[in-house]
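J.: Input structure: query.cif, which contains mmCIF, C-alpha atoms.
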```cif
data_start
loop_
_atom_site.group_PDB
_atom_site.id
_atom_site.type_symbol
_atom_site.label_atom_id
_atom_site.label_comp_id
_atom_site.auth_asym_id
_atom_site.auth_seq_id
_atom_site.Cartn_x
_atom_site.Cartn_y
_atom_site.Cartn_z
ATOM 1 C CA MET A 1117 -55.956 103.407 -190.381
ATOM 2 C CA ALA A 1118 -57.406 106.907 -190.103
ATOM 3 C CA ALA A 1119 -60.517 105.754 -191.929
ATOM 4 C CA GLU A 1120 -60.883 102.806 -189.556
ATOM 5 C CA ARG A 1121 -60.533 105.083 -186.514
ATOM 6 C CA GLN A 1122 -63.100 107.453 -187.975
ATOM 7 C CA ALA A 1123 -65.559 104.601 -188.490
ATOM 8 C CA GLU A 1124 -64.992 103.352 -184.930
ATOM 9 C CA ALA A 1125 -65.509 106.826 -183.518
ATOM 10 C CA HIS A 1126 -68.696 107.295 -185.523
ATOM 11 C CA THR A 1127 -70.030 103.913 -184.325
ATOM 12 C CA ALA A 1128 -69.183 104.740 -180.704
ATOM 13 C CA TYR A 1129 -70.794 108.171 -180.998
ATOM 14 C CA SER A 1130 -73.967 106.718 -182.522
ATOM 15 C CA ALA A 1131 -74.175 104.074 -179.786
ATOM 16 C CA ALA A 1132 -73.713 106.689 -177.046
ATOM 17 C CA ASP A 1133 -76.296 108.951 -178.657
ATOM 18 C CA GLU A 1134 -78.778 106.073 -178.925
ATOM 19 C CA HIS A 1135 -78.120 105.108 -175.279
ATOM 20 C CA ALA A 1136 -78.611 108.690 -174.074
ATOM 21 C CA LEU A 1137 -81.807 109.029 -176.082
ATOM 22 C CA GLU A 1138 -83.181 105.736 -174.765
ATOM 23 C CA ASN A 1139 -82.412 106.740 -171.170
ATOM 24 C CA PHE A 1140 -84.140 110.091 -171.716
ATOM 25 C CA VAL A 1141 -87.166 108.448 -173.328
ATOM 26 C CA LEU A 1142 -87.479 105.864 -170.579
ATOM 27 C CA GLY A 1143 -86.683 108.201 -167.709
ATOM 28 C CA ARG A 1144 -88.581 111.411 -168.445
ATOM 29 C CA ILE A 1145 -91.023 111.168 -171.319
ATOM 30 C CA PRO A 1146 -93.554 108.747 -169.737
ATOM 31 C CA ALA A 1147 -93.884 110.935 -166.630
ATOM 32 C CA ALA A 1148 -94.274 114.042 -168.784
ATOM 33 C CA ILE A 1149 -97.068 112.420 -170.817
ATOM 34 C CA SER A 1150 -98.865 111.298 -167.650
ATOM 35 C CA THR A 1151 -98.672 114.790 -166.167
ATOM 36 C CA ALA A 1152 -99.928 116.414 -169.370
ATOM 37 C CA TRP A 1153 -102.859 113.982 -169.561
ATOM 38 C CA VAL A 1154 -103.903 114.704 -165.969
ATOM 39 C CA ASP A 1155 -103.610 118.452 -166.636
ATOM 40 C CA LEU A 1156 -105.841 118.077 -169.707
ATOM 41 C CA GLN A 1157 -108.548 116.265 -167.730
ATOM 42 C CA ASP A 1158 -108.355 118.862 -164.943
ATOM 43 C CA TRP A 1159 -108.682 121.680 -167.482
ATOM 44 C CA VAL A 1160 -111.734 120.065 -169.071
ATOM 45 C CA GLY A 1161 -113.391 119.721 -165.669
ATOM 46 C CA ARG A 1162 -112.583 123.303 -164.697
ATOM 47 C CA ILE A 1163 -113.853 124.752 -167.975
ATOM 48 C CA ASN A 1164 -117.041 122.686 -167.851
ATOM 49 C CA ASP A 1165 -117.726 123.953 -164.330
ATOM 50 C CA GLN A 1166 -117.292 127.530 -165.532
ATOM 51 C CA MET A 1167 -119.479 127.003 -168.597
ATOM 52 C CA LYS A 1168 -122.379 125.894 -166.412
ATOM 53 C CA LEU A 1169 -122.818 129.599 -165.661
ATOM 54 C CA THR A 1170 -123.875 130.248 -169.258
ATOM 55 C CA ALA A 1171 -127.070 128.202 -169.290
ATOM 56 C CA ALA A 1172 -130.052 129.949 -170.876
ATOM 57 C CA SER A 1173 -133.332 130.456 -169.036
ATOM 58 C CA SER A 1174 -134.545 127.253 -170.713
ATOM 59 C CA GLY A 1175 -131.743 125.393 -168.949
ATOM 60 C CA VAL A 1176 -129.917 124.571 -172.179
ATOM 61 C CA GLY A 1177 -126.149 124.746 -171.766
ATOM 62 C CA VAL A 1178 -122.942 123.398 -173.282
ATOM 63 C CA GLN A 1179 -120.078 121.201 -172.120
ATOM 64 C CA ILE A 1180 -116.944 120.086 -173.915
ATOM 65 C CA ASP A 1181 -116.244 116.391 -174.291
ATOM 66 C CA VAL A 1182 -112.670 115.258 -174.914
ATOM 67 C CA THR A 1183 -112.366 111.652 -176.068
ATOM 68 C CA LEU A 1184 -109.511 109.535 -177.351
ATOM 69 C CA ARG A 1185 -109.404 109.255 -181.127
ATOM 70 C CA ARG A 1186 -110.207 105.868 -182.587
ATOM 71 C CA ASP A 1187 -107.673 106.089 -185.408
ATOM 72 C CA LEU A 1188 -104.508 106.277 -183.304
ATOM 73 C CA THR A 1189 -101.596 104.188 -184.548
ATOM 74 C CA PRO A 1190 -100.918 101.015 -182.535
ATOM 75 C CA SER A 1191 -97.743 102.543 -181.109
ATOM 76 C CA ILE A 1192 -99.468 105.738 -179.930
ATOM 77 C CA ALA A 1193 -102.409 103.734 -178.550
ATOM 78 C CA THR A 1194 -99.983 101.596 -176.546
ATOM 79 C CA ILE A 1195 -98.116 104.660 -175.289
ATOM 80 C CA HIS A 1196 -101.400 106.244 -174.190
ATOM 81 C CA HIS A 1197 -102.529 103.107 -172.376
ATOM 82 C CA LEU A 1198 -99.262 102.590 -170.502
ATOM 83 C CA THR A 1199 -98.676 106.245 -169.576
ATOM 84 C CA CYS A 1200 -102.225 107.604 -169.080
ATOM 85 C CA GLU A 1201 -104.227 104.595 -167.907
ATOM 86 C CA VAL A 1202 -101.519 102.756 -165.951
ATOM 87 C CA GLY A 1203 -100.125 104.728 -163.023
ATOM 88 C CA GLU A 1204 -96.378 105.223 -162.761
ATOM 89 C CA ALA A 1205 -96.305 103.423 -159.408
ATOM 90 C CA ASP A 1206 -98.173 100.443 -160.911
ATOM 91 C CA ARG A 1207 -96.135 100.222 -164.104
ATOM 92 C CA THR A 1208 -93.925 97.140 -164.368
ATOM 93 C CA PRO A 1209 -90.338 97.314 -165.667
ATOM 94 C CA GLU A 1210 -91.486 95.440 -168.772
ATOM 95 C CA GLN A 1211 -94.232 98.020 -169.402
ATOM 96 C CA GLN A 1212 -91.693 100.806 -168.913
ATOM 97 C CA ARG A 1213 -89.407 99.248 -171.507
ATOM 98 C CA ARG A 1214 -92.383 98.791 -173.830
ATOM 99 C CA ILE A 1215 -93.096 102.531 -173.697
ATOM 100 C CA GLY A 1216 -89.522 103.281 -174.728
ATOM 101 C CA GLN A 1217 -89.670 100.743 -177.542
ATOM 102 C CA GLU A 1218 -92.899 102.229 -178.907
ATOM 103 C CA LEU A 1219 -91.566 105.785 -178.698
ATOM 104 C CA LEU A 1220 -88.389 104.803 -180.517
ATOM 105 C CA ALA A 1221 -90.481 102.924 -183.078
ATOM 106 C CA VAL A 1222 -92.524 106.059 -183.752
ATOM 107 C CA MET A 1223 -89.359 108.083 -184.225
ATOM 108 C CA ARG A 1224 -87.770 105.498 -186.530
ATOM 109 C CA LEU A 1225 -90.957 105.340 -188.556
ATOM 110 C CA GLY A 1226 -90.695 109.099 -188.875
ATOM 111 C CA GLU A 1227 -87.126 108.731 -190.146
ATOM 112 C CA GLN A 1228 -88.396 106.504 -192.935
ATOM 113 C CA ASP A 1229 -91.273 108.834 -193.761
ATOM 114 C CA HIS A 1230 -89.282 112.071 -193.470
ATOM 115 C CA ALA A 1231 -85.804 111.127 -194.580
ATOM 116 C CA GLY A 1232 -83.407 114.001 -194.954
ATOM 117 C CA PRO A 1233 -81.204 116.340 -192.941
ATOM 118 C CA THR A 1234 -84.103 118.594 -191.901
ATOM 119 C CA SER A 1235 -85.884 115.766 -190.106
ATOM 120 C CA GLN A 1236 -84.860 116.084 -186.459
ATOM 121 C CA ARG A 1237 -85.447 113.493 -183.772
ATOM 122 C CA ALA A 1238 -86.567 116.107 -181.273
ATOM 123 C CA ASP A 1239 -89.254 117.330 -183.660
ATOM 124 C CA ARG A 1240 -90.520 113.839 -184.346
ATOM 125 C CA LEU A 1241 -90.575 113.026 -180.643
ATOM 126 C CA SER A 1242 -92.471 116.242 -179.908
ATOM 127 C CA GLU A 1243 -95.056 115.384 -182.558
ATOM 128 C CA ALA A 1244 -95.430 111.848 -181.258
ATOM 129 C CA ILE A 1245 -96.174 112.839 -177.644
ATOM 130 C CA ASP A 1246 -98.375 115.878 -178.341
ATOM 131 C CA ILE A 1247 -101.492 114.608 -176.581
ATOM 132 C CA ARG A 1248 -103.625 117.308 -178.219
ATOM 133 C CA THR A 1249 -103.425 115.255 -181.425
ATOM 134 C CA TRP A 1250 -104.642 112.158 -179.574
ATOM 135 C CA VAL A 1251 -108.082 113.494 -178.736
ATOM 136 C CA THR A 1252 -111.273 114.723 -180.372
ATOM 137 C CA VAL A 1253 -113.081 117.718 -178.852
ATOM 138 C CA LYS A 1254 -116.871 117.876 -179.145
ATOM 139 C CA TYR A 1255 -119.456 120.436 -178.018
ATOM 140 C CA MET A 1256 -122.206 118.642 -176.109
ATOM 141 C CA ILE A 1257 -125.585 120.302 -175.445
ATOM 142 C CA THR A 1258 -127.091 119.720 -172.014
ATOM 143 C CA ARG A 1259 -130.822 119.997 -171.321
ATOM 144 C CA PRO A 1260 -132.547 119.955 -167.927
ATOM 145 C CA GLY A 1261 -133.970 116.538 -167.073
ATOM 146 C CA ALA A 1262 -132.299 114.830 -170.056
ATOM 147 C CA THR A 1263 -130.219 111.727 -169.358
ATOM 148 C CA ARG A 1264 -128.222 112.014 -172.592
ATOM 149 C CA ARG A 1265 -126.217 114.879 -173.999
ATOM 150 C CA GLU A 1266 -126.572 115.872 -177.652
ATOM 151 C CA ARG A 1267 -123.686 116.732 -179.927
ATOM 152 C CA TRP A 1268 -123.773 120.272 -181.260
ATOM 153 C CA GLY A 1269 -124.280 120.201 -185.025
ATOM 154 C CA ALA A 1270 -125.583 116.636 -185.159
ATOM 155 C CA ARG A 1271 -128.588 115.892 -187.334
ATOM 156 C CA GLY A 1272 -131.889 116.503 -185.574
ATOM 157 C CA VAL A 1273 -130.363 118.611 -182.768
ATOM 158 C CA THR A 1274 -132.065 122.019 -182.673
ATOM 159 C CA VAL A 1275 -131.691 125.025 -180.382
ATOM 160 C CA SER A 1276 -132.971 128.574 -180.406
ATOM 161 C CA LYS A 1277 -130.927 131.494 -181.729
ATOM 162 C CA GLY A 1278 -130.109 132.724 -178.213
ATOM 163 C CA GLU A 1279 -129.150 129.236 -177.028
ATOM 164 C CA SER A 1280 -126.953 128.860 -180.099
ATOM 165 C CA ARG A 1281 -125.130 132.095 -179.171
ATOM 166 C CA LEU A 1282 -124.347 130.700 -175.712
ATOM 167 C CA ILE A 1283 -123.261 127.312 -177.055
ATOM 168 C CA VAL A 1284 -120.787 128.874 -179.494
ATOM 169 C CA LEU A 1285 -119.449 131.596 -177.220
ATOM 170 C CA ALA A 1286 -118.593 129.603 -174.085
ATOM 171 C CA PRO A 1287 -116.117 127.107 -175.627
ATOM 172 C CA LEU A 1288 -114.643 129.824 -177.857
ATOM 173 C CA LEU A 1289 -113.699 131.950 -174.846
ATOM 174 C CA ALA A 1290 -112.422 128.887 -172.996
ATOM 175 C CA ALA A 1291 -110.119 128.074 -175.917
ATOM 176 C CA LEU A 1292 -108.883 131.668 -176.029
ATOM 177 C CA ALA A 1293 -108.130 131.641 -172.301
ATOM 178 C CA ALA A 1294 -106.176 128.401 -172.786
ATOM 179 C CA GLU A 1295 -104.206 129.947 -175.661
ATOM 180 C CA TYR A 1296 -103.227 132.856 -173.408
ATOM 181 C CA ARG A 1297 -102.299 130.599 -170.494
ATOM 182 C CA ASP A 1298 -98.565 130.563 -171.255
ATOM 183 C CA LEU A 1299 -98.237 134.345 -171.470
ATOM 184 C CA PRO A 1300 -96.336 136.127 -168.651
ATOM 185 C CA PRO A 1301 -98.460 137.732 -165.908
ATOM 186 C CA HIS A 1302 -97.938 141.281 -167.205
ATOM 187 C CA ALA A 1303 -99.089 140.476 -170.764
ATOM 188 C CA ALA A 1304 -102.469 141.712 -171.993
ATOM 189 C CA ARG A 1305 -104.957 138.916 -172.651
ATOM 190 C CA LEU A 1306 -107.159 140.965 -174.947
ATOM 191 C CA CYS A 1307 -110.385 139.787 -176.522
ATOM 192 C CA ALA A 1308 -112.703 142.184 -178.348
ATOM 193 C CA LEU A 1309 -116.344 141.076 -178.594
ATOM 194 C CA ASP A 1310 -119.230 142.792 -180.324
ATOM 195 C CA GLU A 1311 -122.933 142.359 -179.559
ATOM 196 C CA VAL A 1312 -122.340 139.258 -177.475
ATOM 197 C CA PRO A 1313 -125.680 139.343 -175.608
ATOM 198 C CA GLY A 1314 -127.688 139.712 -178.819
ATOM 199 C CA ASP A 1315 -130.664 137.299 -178.952
ATOM 200 C CA VAL A 1316 -129.893 136.093 -175.409
ATOM 201 C CA ASP A 1317 -132.457 136.424 -172.631
ATOM 202 C CA ASP A 1318 -131.841 138.152 -169.274
ATOM 203 C CA GLN A 1319 -130.726 135.002 -167.479
ATOM 204 C CA GLY A 1320 -128.382 134.138 -170.324
ATOM 205 C CA ARG A 1321 -126.843 137.622 -170.225
ATOM 206 C CA ASP A 1322 -126.222 137.288 -166.500
ATOM 207 C CA GLY A 1323 -124.653 133.896 -167.140
ATOM 208 C CA ILE A 1324 -122.377 135.315 -169.840
ATOM 209 C CA ALA A 1325 -121.306 138.106 -167.502
ATOM 210 C CA ALA A 1326 -120.457 135.661 -164.721
ATOM 211 C CA TYR A 1327 -118.561 133.452 -167.137
ATOM 212 C CA LEU A 1328 -116.559 136.357 -168.568
ATOM 213 C CA ALA A 1329 -115.585 137.447 -165.065
ATOM 214 C CA SER A 1330 -114.400 133.897 -164.233
ATOM 215 C CA LEU A 1331 -111.895 133.742 -167.129
ATOM 216 C CA ASP A 1332 -108.365 135.139 -167.087
ATOM 217 C CA LEU A 1333 -109.043 137.470 -170.010
ATOM 218 C CA ASP A 1334 -109.012 141.213 -170.604
ATOM 219 C CA LEU A 1335 -112.299 141.528 -172.431
ATOM 220 C CA MET A 1336 -113.838 144.459 -174.214
ATOM 221 C CA SER A 1337 -117.444 143.813 -175.177
ATOM 222 C CA THR A 1338 -119.742 146.279 -176.896
ATOM 223 C CA SER A 1339 -123.504 145.890 -177.032
ATOM 224 C CA HIS A 1340 -126.826 147.696 -176.746
ATOM 225 C CA ASN A 1341 -128.275 144.835 -174.735
ATOM 226 C CA TRP A 1342 -126.262 144.547 -171.523
ATOM 227 C CA ASP A 1343 -128.777 146.761 -169.695
ATOM 228 C CA GLY A 1344 -126.556 146.725 -166.631
ATOM 229 C CA SER A 1345 -126.890 142.975 -166.102
ATOM 230 C CA PRO A 1346 -123.137 142.372 -165.554
ATOM 231 C CA GLY A 1347 -123.028 145.010 -162.832
ATOM 232 C CA ALA A 1348 -123.695 142.418 -160.166
ATOM 233 C CA TRP A 1349 -120.444 140.645 -160.988
ATOM 234 C CA ASP A 1350 -117.251 141.979 -159.509
ATOM 235 C CA GLY A 1351 -114.461 142.597 -161.991
ATOM 236 C CA ILE A 1352 -116.561 144.003 -164.824
ATOM 237 C CA ASP A 1353 -116.774 147.743 -165.497
ATOM 238 C CA ILE A 1354 -119.436 149.233 -167.760
ATOM 239 C CA PHE A 1355 -119.102 152.422 -169.779
ATOM 240 C CA GLU A 1356 -121.634 154.155 -171.972
ATOM 241 C CA LEU A 1357 -120.015 155.564 -175.112
ATOM 242 C CA GLU A 1358 -121.230 158.720 -176.814
ATOM 243 C CA ALA A 1359 -119.918 160.524 -179.866
ATOM 244 C CA GLY A 1360 -118.701 164.067 -179.233
ATOM 245 C CA PRO A 1361 -119.204 167.007 -181.628
ATOM 246 C CA ASP A 1362 -115.616 166.757 -182.881
ATOM 247 C CA ASP A 1363 -115.803 162.991 -183.629
ATOM 248 C CA THR A 1364 -114.237 162.070 -180.303
ATOM 249 C CA VAL A 1365 -115.783 159.313 -178.167
ATOM 250 C CA ILE A 1366 -116.696 160.070 -174.575
ATOM 251 C CA ALA A 1367 -116.998 157.215 -172.079
ATOM 252 C CA PHE A 1368 -119.345 157.613 -169.118
ATOM 253 C CA PRO A 1369 -119.042 155.012 -166.334
ATOM 254 C CA VAL A 1370 -122.335 153.283 -165.557
ATOM 255 C CA ARG A 1371 -122.803 153.230 -161.788
ATOM 256 C CA VAL A 1372 -124.670 149.990 -161.185
ATOM 257 C CA TYR A 1373 -123.393 149.568 -157.618
ATOM 258 C CA SER A 1374 -124.895 151.124 -154.558
ATOM 259 C CA PRO A 1375 -122.353 153.060 -152.434
ATOM 260 C CA GLN A 1376 -122.275 150.243 -149.862
ATOM 261 C CA LEU A 1377 -121.630 147.627 -152.550
ATOM 262 C CA GLN A 1378 -118.988 149.823 -154.184
ATOM 263 C CA TYR A 1379 -117.109 149.989 -150.901
ATOM 264 C CA ALA A 1380 -117.500 146.268 -150.176
ATOM 265 C CA THR A 1381 -116.115 145.285 -153.573
ATOM 266 C CA GLY A 1382 -113.270 147.783 -153.610
ATOM 267 C CA HIS A 1383 -114.831 150.043 -156.235
ATOM 268 C CA HIS A 1384 -115.011 153.004 -153.849
ATOM 269 C CA ALA A 1385 -111.848 154.462 -152.319
ATOM 270 C CA ALA A 1386 -113.632 156.656 -149.777
ATOM 271 C CA ALA A 1387 -114.676 155.595 -146.320
ATOM 272 C CA ALA A 1388 -117.626 153.256 -146.025
ATOM 273 C CA PRO A 1389 -120.879 155.237 -146.239
ATOM 274 C CA ASP A 1390 -123.224 155.388 -143.330
ATOM 275 C CA ALA A 1391 -125.670 152.540 -143.715
ATOM 276 C CA THR A 1392 -128.429 154.761 -142.313
ATOM 277 C CA ALA A 1393 -127.776 157.555 -144.799
ATOM 278 C CA PRO A 1394 -130.001 157.650 -147.877
ATOM 279 C CA SER A 1395 -128.446 156.309 -151.031
ATOM 280 C CA SER A 1396 -129.568 155.610 -154.564
ATOM 281 C CA ALA A 1397 -129.326 152.002 -155.622
ATOM 282 C CA GLY A 1398 -128.022 151.232 -159.079
ATOM 283 C CA SER A 1399 -130.362 149.955 -161.731
#
```
Taking this structure as input, can you express it in the form of structure tokens?
T.:
Amino acid sequence: MAAERQAEAHTAYSAADEHALENFVLGRIPAAISTAWVDLQDWVGRINDQMKLTAASSGVGVQIDVTLRRDLTPSIATIHHLTCEVGEADRTPEQQRRIGQELLAVMRLGEQDHAGPTSQRADRLSEAIDIRTWVTVKYMITRPGATRRERWGARGVTVSKGESRLIVLAPLLAALAAEYRDLPPHAARLCALDEVPGDVDDQGRDGIAAYLASLDLDLMSTSHNWDGSPGAWDGIDIFELEAGPDDTVIAFPVRVYSPQLQYATGHHAAAAPDATAPSSAGS
């Protein structure tokens, strides 16, 4: 009798657990996937707008292209279609149930492939709905006047050394900023760069400076080639480093702002200078 009661309790518990899971899958997961997909598209658009600043003087620039993978499993492809291409308000009850069935099918397939006590449903569900694994990210080169974009690294696609530096740097910094996105506000978002403007022309250096200032990063960039070009962009400070006699390093601030511009941008704590007074403009 005790064994029978134990079996009944186990069956009831399993049924309740399955019911709770199905309600969670049907009630919350589809909306979460839809929200994440919209956020991804918004991020791509925002980053591409920022990366337009990094075009070289030739007009060559870079954009990222995020496309759905062609090798998705039928279940994941169906989940994507019903959650990302069909709006929640337009989704029929049958489509809603289909999403739950496909999600549960993915998880049960995982149970067969990863049998054992360490295989957890939550982990399998997390893997199944991670939309980052659904897409392919490509670097696309843009050229002025061209109607088609070229894929970076494709056969026959050539760029200069300076253009190549811009094409590689812009998406790299965008990815780093995205990685730091979940850090708390007080955390340091450090990124150390060396000789970034090397082989880049004046317009490209200005574009890099504007792009760096637009990202939520705490950047330290060393180079012999800035030549004061970032000074026109608020939020970037320039220091010239010199070695002292006792192996210490002395940092001298480079004053690229005029006194009026320093005051207007908050770089000068004193009262606004007299506009009629003589002043030396920064180089």
J.: Name the residues in contact with A:Leu1156 at a cut-off of 12 Å, using only C-alpha atoms, excluding same-chain residues fewer than 3 positions from it; report them as a VMD selection string.
T.: chain A and resid 1149 to 1153 1159 to 1163 1181 to 1183 1200 1246 to 1248 1250 to 1251 1253 1294
J.: In Å, rounded to a single decimal, give me how far atom CA of A:Asp1158 is from atom CA of A:Ile1195.
T.: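 A separation of 20.3 Å between them.
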J.: Here's the selection I'm unsure about, the PyMOL selection byres ((chain A and resi 1279-1291) around 8); applied to the file above, which residues does it give, as a list in words?
T.: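 Given this file, the PyMOL selection byres ((chain A and resi 1279-1291) around 8) evaluates to Ile1163, Met1167, Thr1170, Ala1171, Ala1172, Val1176, Gly1177, Val1178, Gln1179, Ile1180, Tyr1255, Ile1257, Val1275, Ser1276, Lys1277, Gly1278, Leu1292, Ala1293, Ala1294, Glu1295, Val1312, Asp1315, Val1316, Gly1320, Ile1324, Tyr1327 and Leu1331 of chain A.
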J.: Keeping only C-alpha atoms, write the selected residues as a PDB file, in the frame of the given file.
T.:
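Saved to out.pdb:
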```pdb
ATOM      1  CA  ILE A1163    -113.853 124.752-167.975  1.00  0.00           C
ATOM      2  CA  MET A1167    -119.479 127.003-168.597  1.00  0.00           C
ATOM      3  CA  THR A1170    -123.875 130.248-169.258  1.00  0.00           C
ATOM      4  CA  ALA A1171    -127.070 128.202-169.290  1.00  0.00           C
ATOM      5  CA  ALA A1172    -130.052 129.949-170.876  1.00  0.00           C
ATOM      6  CA  VAL A1176    -129.917 124.571-172.179  1.00  0.00           C
ATOM      7  CA  GLY A1177    -126.149 124.746-171.766  1.00  0.00           C
ATOM      8  CA  VAL A1178    -122.942 123.398-173.282  1.00  0.00           C
ATOM      9  CA  GLN A1179    -120.078 121.201-172.120  1.00  0.00           C
ATOM     10  CA  ILE A1180    -116.944 120.086-173.915  1.00  0.00           C
ATOM     11  CA  TYR A1255    -119.456 120.436-178.018  1.00  0.00           C
ATOM     12  CA  ILE A1257    -125.585 120.302-175.445  1.00  0.00           C
ATOM     13  CA  VAL A1275    -131.691 125.025-180.382  1.00  0.00           C
ATOM     14  CA  SER A1276    -132.971 128.574-180.406  1.00  0.00           C
ATOM     15  CA  LYS A1277    -130.927 131.494-181.729  1.00  0.00           C
ATOM     16  CA  GLY A1278    -130.109 132.724-178.213  1.00  0.00           C
ATOM     17  CA  LEU A1292    -108.883 131.668-176.029  1.00  0.00           C
ATOM     18  CA  ALA A1293    -108.130 131.641-172.301  1.00  0.00           C
ATOM     19  CA  ALA A1294    -106.176 128.401-172.786  1.00  0.00           C
ATOM     20  CA  GLU A1295    -104.206 129.947-175.661  1.00  0.00           C
ATOM     21  CA  VAL A1312    -122.340 139.258-177.475  1.00  0.00           C
ATOM     22  CA  ASP A1315    -130.664 137.299-178.952  1.00  0.00           C
ATOM     23  CA  VAL A1316    -129.893 136.093-175.409  1.00  0.00           C
ATOM     24  CA  GLY A1320    -128.382 134.138-170.324  1.00  0.00           C
ATOM     25  CA  ILE A1324    -122.377 135.315-169.840  1.00  0.00           C
ATOM     26  CA  TYR A1327    -118.561 133.452-167.137  1.00  0.00           C
ATOM     27  CA  LEU A1331    -111.895 133.742-167.129  1.00  0.00           C
TER      28      LEU A1331
END
```
J.: Residues within 8 Å of A:Gln1212, please, as an MDAnalysis selection string. Count only C-alpha atoms; anything in the same chain fewer than 4 positions from it doesn't count.
T.: chainID A and resid 1142 1198 1207:1208 1216
J.: How many Å lie between atom CA of A:Val1202 and atom CA of A:Arg1264, rounded to one decimal?
T.: 29.0 Å
J.: Identify the residues around (-102.9, 140.8, -176.6) within a radius of 10 Å, measuring from all atoms listed in the file in the coordinates stated by the file, and give them as a ChimeraX atom specification.
T.: /A:1296,1299,1303-1307,1333-1334
J.: What would the list of residues within 10 Å of (-91.0, 114.4, -174.5) (file frame) look like as a list in words, if all atoms listed in the file are what count?
T.: Phe1140, Val1141, Arg1144, Ile1145, Pro1146, Ala1147, Ala1148, Ile1149, Leu1219, Ala1238, Asp1239, Arg1240, Leu1241, Ser1242, Glu1243, Ala1244, Ile1245 and Asp1246 of chain A
J.: Let me know the residues the PyMOL selection byres ((chain A and resi 1337) around 7) catches in the file above, as a ChimeraX atom specification.
T.: /A:1308-1310,1335-1336,1338-1339
